[in-house]
$ cat model-v5.cif   # mmCIF, C-alpha atoms and all ligand atoms
data_input
#
loop_
_atom_site.label_atom_id
_atom_site.label_comp_id
_atom_site.auth_asym_id
_atom_site.auth_seq_id
_atom_site.Cartn_x
_atom_site.Cartn_y
_atom_site.Cartn_z
CA MET A 1 32.02 -23.48 -210.46
CA PRO A 2 34.96 -24.97 -208.55
CA ILE A 3 38.52 -24.94 -209.91
CA LEU A 4 38.93 -28.20 -211.84
CA SER A 5 41.92 -30.52 -211.71
CA GLY A 6 43.42 -32.29 -214.72
CA ARG A 7 41.43 -35.37 -213.71
CA ALA A 8 38.04 -33.63 -213.74
CA ARG A 9 35.11 -35.57 -215.21
CA ILE A 10 33.12 -33.57 -217.77
CA ALA A 11 29.55 -34.26 -218.91
CA GLY A 12 26.80 -32.11 -220.36
CA VAL A 13 23.51 -31.80 -222.19
CA THR A 14 23.06 -31.34 -225.90
CA GLY A 15 20.00 -30.08 -227.77
CA TRP A 16 19.19 -27.50 -230.44
CA PRO A 17 18.52 -25.15 -228.86
CA VAL A 18 19.67 -26.05 -225.37
CA ALA A 19 19.39 -22.74 -223.51
CA HIS A 20 16.03 -23.74 -221.95
CA SER A 21 17.48 -26.89 -220.34
CA ARG A 22 17.41 -27.15 -216.53
CA SER A 23 19.89 -30.04 -216.58
CA PRO A 24 23.02 -27.88 -215.99
CA ARG A 25 21.36 -26.43 -212.88
CA LEU A 26 20.26 -29.80 -211.57
CA HIS A 27 23.56 -31.62 -212.18
CA GLY A 28 25.43 -28.56 -210.93
CA PHE A 29 23.51 -28.84 -207.64
CA TRP A 30 24.62 -32.45 -207.19
CA LEU A 31 28.24 -31.70 -208.22
CA GLU A 32 28.41 -28.98 -205.58
CA ARG A 33 26.64 -31.08 -202.94
CA HIS A 34 29.15 -33.92 -203.37
CA GLY A 35 32.22 -31.71 -203.89
CA ILE A 36 33.00 -33.51 -207.15
CA ASP A 37 35.95 -32.59 -209.33
CA GLY A 38 33.79 -32.28 -212.43
CA ALA A 39 31.53 -30.10 -214.55
CA TYR A 40 28.28 -30.38 -216.49
CA VAL A 41 27.92 -28.00 -219.43
CA PRO A 42 25.27 -27.02 -222.01
CA LEU A 43 26.27 -27.94 -225.58
CA PRO A 44 24.12 -26.47 -228.37
CA ILE A 45 24.77 -28.73 -231.37
CA ARG A 46 23.10 -28.23 -234.75
CA PRO A 47 21.37 -31.36 -236.11
CA GLU A 48 23.66 -31.45 -239.16
CA SER A 49 26.76 -31.42 -236.91
CA PHE A 50 25.45 -33.97 -234.41
CA ASP A 51 27.43 -37.07 -235.44
CA ALA A 52 30.76 -35.25 -235.84
CA ALA A 53 30.31 -33.37 -232.56
CA ILE A 54 29.39 -36.48 -230.55
CA ARG A 55 32.29 -38.52 -231.94
CA GLY A 56 34.59 -35.59 -231.18
CA LEU A 57 33.36 -35.34 -227.58
CA ALA A 58 33.69 -39.11 -227.09
CA ALA A 59 37.27 -38.89 -228.38
CA SER A 60 38.03 -35.91 -226.13
CA GLY A 61 37.59 -37.66 -222.82
CA PHE A 62 34.05 -36.47 -222.09
CA ALA A 63 32.28 -38.81 -219.66
CA GLY A 64 28.96 -38.57 -221.49
CA LEU A 65 25.89 -36.50 -222.27
CA ASN A 66 22.21 -36.05 -221.79
CA VAL A 67 20.42 -35.64 -225.09
CA THR A 68 17.29 -33.61 -225.63
CA ILE A 69 15.12 -32.41 -228.52
CA PRO A 70 15.75 -32.85 -231.46
CA HIS A 71 18.62 -35.33 -231.06
CA LYS A 72 17.14 -38.33 -229.22
CA VAL A 73 16.67 -40.50 -232.33
CA ALA A 74 20.04 -39.48 -233.84
CA ALA A 75 21.64 -40.36 -230.50
CA PHE A 76 20.12 -43.85 -230.72
CA ALA A 77 21.62 -44.30 -234.18
CA ILE A 78 25.14 -43.24 -233.23
CA CYS A 79 25.52 -45.66 -230.31
CA ASP A 80 27.83 -48.69 -230.41
CA ALA A 81 25.53 -50.33 -227.86
CA VAL A 82 22.11 -49.49 -226.42
CA ASP A 83 20.36 -51.06 -223.46
CA GLU A 84 16.82 -52.41 -223.37
CA SER A 85 15.35 -49.11 -222.15
CA ALA A 86 16.62 -47.40 -225.32
CA GLU A 87 15.50 -50.28 -227.57
CA ARG A 88 12.00 -50.10 -226.13
CA ALA A 89 11.84 -46.30 -226.32
CA GLY A 90 13.44 -46.16 -229.79
CA ALA A 91 15.43 -43.16 -228.59
CA VAL A 92 18.34 -42.29 -226.32
CA ASN A 93 18.52 -39.51 -223.72
CA THR A 94 21.70 -40.60 -221.92
CA LEU A 95 25.08 -41.31 -223.53
CA VAL A 96 28.06 -42.78 -221.70
CA PHE A 97 31.48 -42.61 -223.38
CA GLN A 98 34.09 -45.18 -222.48
CA ASP A 99 37.36 -45.74 -224.37
CA GLY A 100 35.87 -44.08 -227.45
CA ARG A 101 32.79 -46.33 -227.42
CA ILE A 102 29.31 -44.82 -227.11
CA ALA A 103 26.64 -46.52 -224.98
CA GLY A 104 23.06 -45.28 -224.90
CA SER A 105 20.08 -45.65 -222.62
CA ASN A 106 16.73 -43.98 -222.12
CA THR A 107 15.96 -42.95 -218.55
CA ASP A 108 12.68 -41.09 -219.21
CA GLY A 109 10.46 -44.08 -218.43
CA TRP A 110 12.53 -45.01 -215.39
CA GLY A 111 12.33 -41.40 -214.17
CA PHE A 112 8.56 -41.34 -214.64
CA VAL A 113 8.08 -44.56 -212.67
CA ALA A 114 10.52 -43.50 -209.92
CA ASN A 115 8.56 -40.26 -209.53
CA LEU A 116 5.24 -42.14 -209.29
CA ARG A 117 6.71 -44.28 -206.52
CA ALA A 118 8.06 -41.19 -204.73
CA HIS A 119 4.44 -39.97 -204.64
CA GLY A 120 3.24 -43.28 -203.20
CA VAL A 121 1.65 -44.38 -206.49
CA ASP A 122 2.24 -48.02 -207.50
CA PRO A 123 2.86 -48.03 -211.30
CA GLY A 124 1.72 -51.65 -211.58
CA ALA A 125 -1.43 -51.25 -209.49
CA GLY A 126 -3.83 -51.48 -212.44
CA PRO A 127 -4.66 -50.37 -215.98
CA ALA A 128 -2.95 -47.17 -217.15
CA LEU A 129 -4.24 -44.69 -219.73
CA VAL A 130 -1.49 -42.84 -221.59
CA LEU A 131 -2.60 -39.68 -223.40
CA GLY A 132 -0.28 -38.92 -226.34
CA ALA A 133 1.87 -41.11 -228.56
CA GLY A 134 5.10 -39.15 -228.99
CA GLY A 135 8.61 -39.91 -227.78
CA ALA A 136 7.86 -39.51 -224.07
CA ALA A 137 4.69 -41.62 -224.37
CA ARG A 138 6.67 -44.52 -225.83
CA ALA A 139 9.24 -44.52 -223.02
CA ILE A 140 6.53 -44.21 -220.37
CA ALA A 141 4.22 -46.86 -221.87
CA ALA A 142 7.16 -49.30 -222.05
CA SER A 143 8.10 -48.71 -218.42
CA LEU A 144 4.50 -49.10 -217.23
CA GLN A 145 4.27 -52.39 -219.14
CA ASP A 146 7.52 -53.50 -217.49
CA CYS A 147 5.85 -52.80 -214.12
CA GLY A 148 2.99 -55.13 -215.10
CA ALA A 149 0.35 -52.50 -215.95
CA PRO A 150 -1.96 -53.07 -218.91
CA VAL A 151 -1.50 -49.89 -220.99
CA THR A 152 -4.06 -48.12 -223.19
CA VAL A 153 -3.02 -45.24 -225.46
CA ALA A 154 -5.18 -42.41 -226.77
CA ASN A 155 -3.73 -39.89 -229.21
CA ARG A 156 -5.10 -37.12 -231.40
CA SER A 157 -3.59 -38.42 -234.65
CA ALA A 158 -3.82 -42.04 -235.81
CA GLU A 159 -0.35 -41.93 -237.44
CA ARG A 160 1.55 -41.62 -234.16
CA THR A 161 -0.67 -44.22 -232.48
CA ASP A 162 0.00 -46.70 -235.30
CA GLU A 163 3.72 -46.03 -235.04
CA LEU A 164 3.62 -46.57 -231.29
CA THR A 165 1.62 -49.80 -231.38
CA ARG A 166 3.91 -51.19 -234.12
CA SER A 167 6.99 -50.59 -232.00
CA LEU A 168 5.50 -51.55 -228.64
CA PRO A 169 3.33 -54.68 -228.82
CA GLY A 170 0.59 -55.31 -226.27
CA LEU A 171 -0.89 -51.81 -226.15
CA THR A 172 -4.63 -51.18 -226.38
CA VAL A 173 -5.74 -48.22 -228.48
CA LEU A 174 -8.58 -45.91 -227.52
CA PRO A 175 -10.08 -43.18 -229.73
CA TRP A 176 -8.95 -39.75 -228.46
CA GLU A 177 -12.58 -38.62 -228.02
CA GLN A 178 -13.25 -41.41 -225.48
CA ARG A 179 -10.48 -40.44 -223.05
CA SER A 180 -12.72 -38.94 -220.36
CA ALA A 181 -15.27 -41.78 -220.41
CA ALA A 182 -12.45 -44.35 -220.15
CA LEU A 183 -11.11 -42.97 -216.86
CA ALA A 184 -13.55 -45.16 -214.91
CA ASP A 185 -11.63 -48.26 -216.09
CA HIS A 186 -8.15 -47.05 -215.08
CA THR A 187 -6.09 -46.55 -211.93
CA LEU A 188 -3.63 -44.15 -213.59
CA VAL A 189 -3.91 -41.53 -216.32
CA VAL A 190 -0.86 -39.70 -217.62
CA ASN A 191 -0.70 -36.70 -219.91
CA THR A 192 2.32 -37.04 -222.20
CA THR A 193 1.09 -34.48 -224.74
CA SER A 194 2.32 -30.90 -224.73
CA LEU A 195 -1.21 -29.72 -223.82
CA GLY A 196 -1.23 -27.71 -220.59
CA MET A 197 2.24 -26.29 -221.16
CA THR A 198 2.56 -22.53 -220.82
CA GLY A 199 1.50 -21.10 -224.20
CA GLU A 200 -0.34 -24.29 -225.27
CA PRO A 201 -4.07 -25.07 -225.04
CA THR A 202 -5.29 -26.84 -221.90
CA LEU A 203 -5.88 -30.60 -222.01
CA ASP A 204 -9.63 -31.21 -222.09
CA LEU A 205 -10.13 -34.14 -219.69
CA ASP A 206 -13.29 -34.36 -217.62
CA LEU A 207 -12.40 -35.79 -214.21
CA ASP A 208 -15.97 -35.71 -212.88
CA GLY A 209 -16.52 -39.43 -213.56
CA ALA A 210 -13.05 -40.45 -212.33
CA PRO A 211 -12.91 -43.19 -209.69
CA ALA A 212 -11.65 -42.08 -206.25
CA GLY A 213 -8.52 -44.25 -206.59
CA LEU A 214 -7.37 -42.70 -209.88
CA ALA A 215 -3.88 -41.20 -209.89
CA VAL A 216 -3.38 -38.32 -212.34
CA ALA A 217 0.11 -37.67 -213.67
CA ASP A 218 1.27 -34.88 -215.96
CA ILE A 219 4.77 -34.84 -217.43
CA VAL A 220 4.50 -31.17 -218.39
CA TYR A 221 6.48 -29.15 -215.81
CA VAL A 222 6.09 -25.58 -217.10
CA PRO A 223 3.93 -24.56 -215.30
CA LEU A 224 4.75 -26.71 -212.25
CA GLU A 225 1.03 -27.11 -211.50
CA THR A 226 -0.84 -27.68 -214.77
CA PRO A 227 -4.62 -27.13 -215.01
CA LEU A 228 -5.00 -30.94 -215.13
CA LEU A 229 -3.14 -31.41 -211.83
CA ALA A 230 -5.05 -28.55 -210.20
CA ALA A 231 -8.35 -30.20 -211.25
CA ALA A 232 -7.17 -33.57 -209.87
CA ARG A 233 -6.21 -32.02 -206.51
CA GLU A 234 -9.56 -30.21 -206.31
CA ARG A 235 -11.28 -33.59 -206.54
CA GLY A 236 -9.01 -35.18 -203.96
CA LEU A 237 -7.24 -37.41 -206.52
CA ALA A 238 -3.53 -38.24 -206.27
CA ALA A 239 -1.66 -35.74 -208.49
CA VAL A 240 1.87 -36.43 -209.76
CA GLU A 241 3.77 -33.51 -211.30
CA GLY A 242 6.25 -33.56 -214.20
CA LEU A 243 9.20 -31.92 -212.45
CA GLY A 244 9.90 -35.07 -210.42
CA MET A 245 10.29 -37.09 -213.62
CA LEU A 246 12.85 -34.58 -214.87
CA LEU A 247 14.80 -34.87 -211.61
CA PHE A 248 14.71 -38.67 -211.43
CA GLN A 249 15.62 -39.24 -215.10
CA ALA A 250 18.91 -37.48 -214.37
CA VAL A 251 20.01 -39.96 -211.67
CA PRO A 252 21.42 -42.81 -213.83
CA GLY A 253 23.53 -40.44 -215.98
CA PHE A 254 25.04 -38.66 -212.98
CA ARG A 255 25.90 -42.00 -211.38
CA ALA A 256 27.57 -43.27 -214.57
CA TRP A 257 29.60 -40.10 -215.26
CA PHE A 258 30.60 -39.03 -211.76
CA GLY A 259 30.50 -42.31 -209.78
CA VAL A 260 28.12 -41.07 -207.07
CA GLU A 261 24.47 -42.06 -206.56
CA PRO A 262 22.67 -38.70 -206.27
CA VAL A 263 19.47 -38.23 -204.29
CA VAL A 264 16.30 -36.48 -205.42
CA ASP A 265 15.13 -34.57 -202.36
CA ASP A 266 13.25 -31.40 -201.40
CA ASP A 267 16.39 -29.23 -201.50
CA LEU A 268 17.05 -30.20 -205.13
CA ARG A 269 13.39 -29.76 -206.01
CA ARG A 270 13.28 -26.24 -204.48
CA PHE A 271 16.52 -25.29 -206.26
CA VAL A 272 15.19 -26.28 -209.70
CA GLU A 273 11.68 -24.95 -208.97
CA ALA A 274 13.09 -21.52 -208.12
CA ASP A 275 14.54 -21.34 -211.63
CA LEU A 276 11.27 -22.46 -213.24
CA ARG A 277 9.30 -19.83 -211.30
CA THR A 278 11.42 -17.02 -212.74
CA ALA A 279 11.17 -18.42 -216.32
N1 LIG B 1 8.95 -34.20 -217.23
C1 LIG B 1 9.90 -34.62 -218.04
O1 LIG B 1 10.99 -35.04 -217.61
C2 LIG B 1 9.63 -34.68 -219.53
C3 LIG B 1 10.40 -35.52 -220.36
C4 LIG B 1 10.11 -35.56 -221.73
C5 LIG B 1 9.08 -34.77 -222.25
N2 LIG B 1 8.38 -33.95 -221.40
C6 LIG B 1 7.26 -33.13 -221.94
O2 LIG B 1 6.33 -34.01 -222.55
C7 LIG B 1 5.69 -33.39 -223.65
C8 LIG B 1 5.76 -34.31 -224.87
O3 LIG B 1 7.11 -34.53 -225.22
P1 LIG B 1 7.50 -35.52 -226.45
O4 LIG B 1 8.98 -35.49 -226.55
O5 LIG B 1 6.80 -36.82 -226.32
O6 LIG B 1 6.86 -34.71 -227.69
P2 LIG B 1 6.40 -35.27 -229.10
O7 LIG B 1 7.13 -36.53 -229.47
O8 LIG B 1 6.45 -34.11 -230.03
O9 LIG B 1 4.83 -35.68 -228.87
C9 LIG B 1 3.87 -34.68 -228.62
C10 LIG B 1 2.52 -35.34 -228.32
O10 LIG B 1 1.60 -34.29 -227.97
C11 LIG B 1 0.43 -34.42 -228.79
N3 LIG B 1 -0.16 -33.10 -229.05
C12 LIG B 1 0.50 -31.95 -229.35
N4 LIG B 1 -0.40 -30.95 -229.51
C13 LIG B 1 -1.64 -31.49 -229.31
C14 LIG B 1 -2.97 -30.97 -229.36
N5 LIG B 1 -3.20 -29.67 -229.63
N6 LIG B 1 -4.00 -31.81 -229.09
C15 LIG B 1 -3.78 -33.12 -228.80
N7 LIG B 1 -2.53 -33.68 -228.75
C16 LIG B 1 -1.48 -32.87 -229.01
C17 LIG B 1 0.92 -35.07 -230.06
O11 LIG B 1 -0.17 -35.64 -230.74
P3 LIG B 1 -0.14 -35.83 -232.35
O12 LIG B 1 0.60 -37.11 -232.60
O13 LIG B 1 -1.57 -35.90 -232.72
O14 LIG B 1 0.57 -34.64 -232.93
C18 LIG B 1 1.90 -36.10 -229.50
O15 LIG B 1 1.21 -37.22 -229.01
C19 LIG B 1 6.37 -32.04 -223.82
O16 LIG B 1 5.57 -31.07 -223.18
C20 LIG B 1 7.69 -32.21 -223.06
O17 LIG B 1 8.17 -30.98 -222.54
C21 LIG B 1 8.61 -33.91 -220.06
#
$ encode --input "model-v5.cif" --output "structure tokens"
Amino acid sequence: MPILSGRARIAGVTGWPVAHSRSPRLHGFWLERHGIDGAYVPLPIRPESFDAAIRGLAASGFAGLNVTIPHKVAAFAICDAVDESAERAGAVNTLVFQDGRIAGSNTDGWGFVANLRAHGVDPGAGPALVLGAGGAARAIAASLQDCGAPVTVANRSAERTDELTRSLPGLTVLPWEQRSAALADHTLVVNTTSLGMTGEPTLDLDLDGAPAGLAVADIVYVPLETPLLAAARERGLAAVEGLGMLLFQAVPGFRAWFGVEPVVDDDLRRFVEADLRTA
């Protein structure tokens, strides 16, 4: 880390726990690349201390924070102002502090869509099937709708699906068991469940009947290549990995805190991948 001046800008990531987060590594790469007088630090904050800690950081001259599990809904509630991305997602992953005020946004959906585009996949090209109905699904479904895609959601439990459709009008609901058969009617399928993550069961999705133009996205990034993505590649389908979403969702926060538009490129990807490979 460089020697900081008294004018250094400080940002960070908070979660509980936060030790698994790759955000310090990724923002640290950009800080070094741009020679910025600033730092990005991990901040483990217990849920019961969240409000006091955030108000304290905002009052201490911090530029802002990324927010991860389990604080994204609490972060929404503490904001003085939230943008439309946060309203639609019902959660905040990026806080910007200015003159003691707290502004919140949600960059997960934006990051997902930016990553699709980086892979040459048009998010508004046709109907999208979102598997899962958790926090990430909501942000992604909202962003796909904003791109003009009709969105269908399939989730294991009805409770989360009901919650999602109440908060995000215009979604079509599909029974979880029909997910494979429905692929024929979609141009994009995205796994937003935790299935396929290291230590979790594999997502059971039969790609044999998938149309040749189907793009398959997985937001899980540990492992980098999930069984779903490997199956898509084997069949010659476009495969979009989750790491890119993680990299892109970081862009708006970095720009707001440090005043530089950072670039997601192969050097950054390799730098973060190297850390994931040794995990
Ligand atoms: N690439 C990125 O930048 C990025 C960003 C955010 C999240 N993620 C990843 O996305 C995943 C979901 O995150 P989240 O915050 O949305 O989590 P979440 O709110 O807890 O939602 C989890 C979802 O997974 C489903 N699920 C879990 N176990 C399942 C199983 N055995 N069978 C079928 N469905 C199952 C849940 O279904 P039920 O409702 O039925 O429980 C729910 O829809 C995590 O792996 C996370 O690491 C990646």
$ closest_residue --input "model-v5.cif" --among "A:Arg88, A:His71, A:Arg55, A:Arg160" --to "ligand LIG 1 (chain B)" --atoms "all atoms listed in the file"
A:Arg160
$ residues_near_ligand --input "model-v5.cif" --ligand "ligand LIG 1 (chain B)" --cutoff "7 Å" --atoms "only C-alpha atoms and all ligand atoms" --output "VMD selection string"
chain A and resid 108 132 to 137 155 to 157 159 to 160 192 to 195 197 201 219 to 221 242 to 246 249
$ residues_near_point --input "model-v5.cif" --point "(-9.1, -35.8, -216.2)" --cutoff "9 Å" --atoms "all atoms listed in the file" --output "count of residues only"
17
$ atom_distance --input "model-v5.cif" --atom1 "CA of Phe50 in chain A" --atom2 "CA of Leu247 in chain A"
25.2 Å
$ atom_distance --input "model-v5.cif" --atom1 "CA of Pro223 in chain A" --atom2 "CA of Arg138 in chain A"
22.7 Å
$ closest_residue --input "model-v5.cif" --among "A:Glu234, A:Pro169, A:Pro262, A:Asp37" --to "Ala250 in chain A" --atoms "all atoms listed in the file"
A:Pro262
$ closest_residue --input "model-v5.cif" --among "A:Leu188, A:Leu65, A:Ile3, A:Ala19" --to "Gly38 in chain A" --atoms "all atoms listed in the file"
A:Ile3
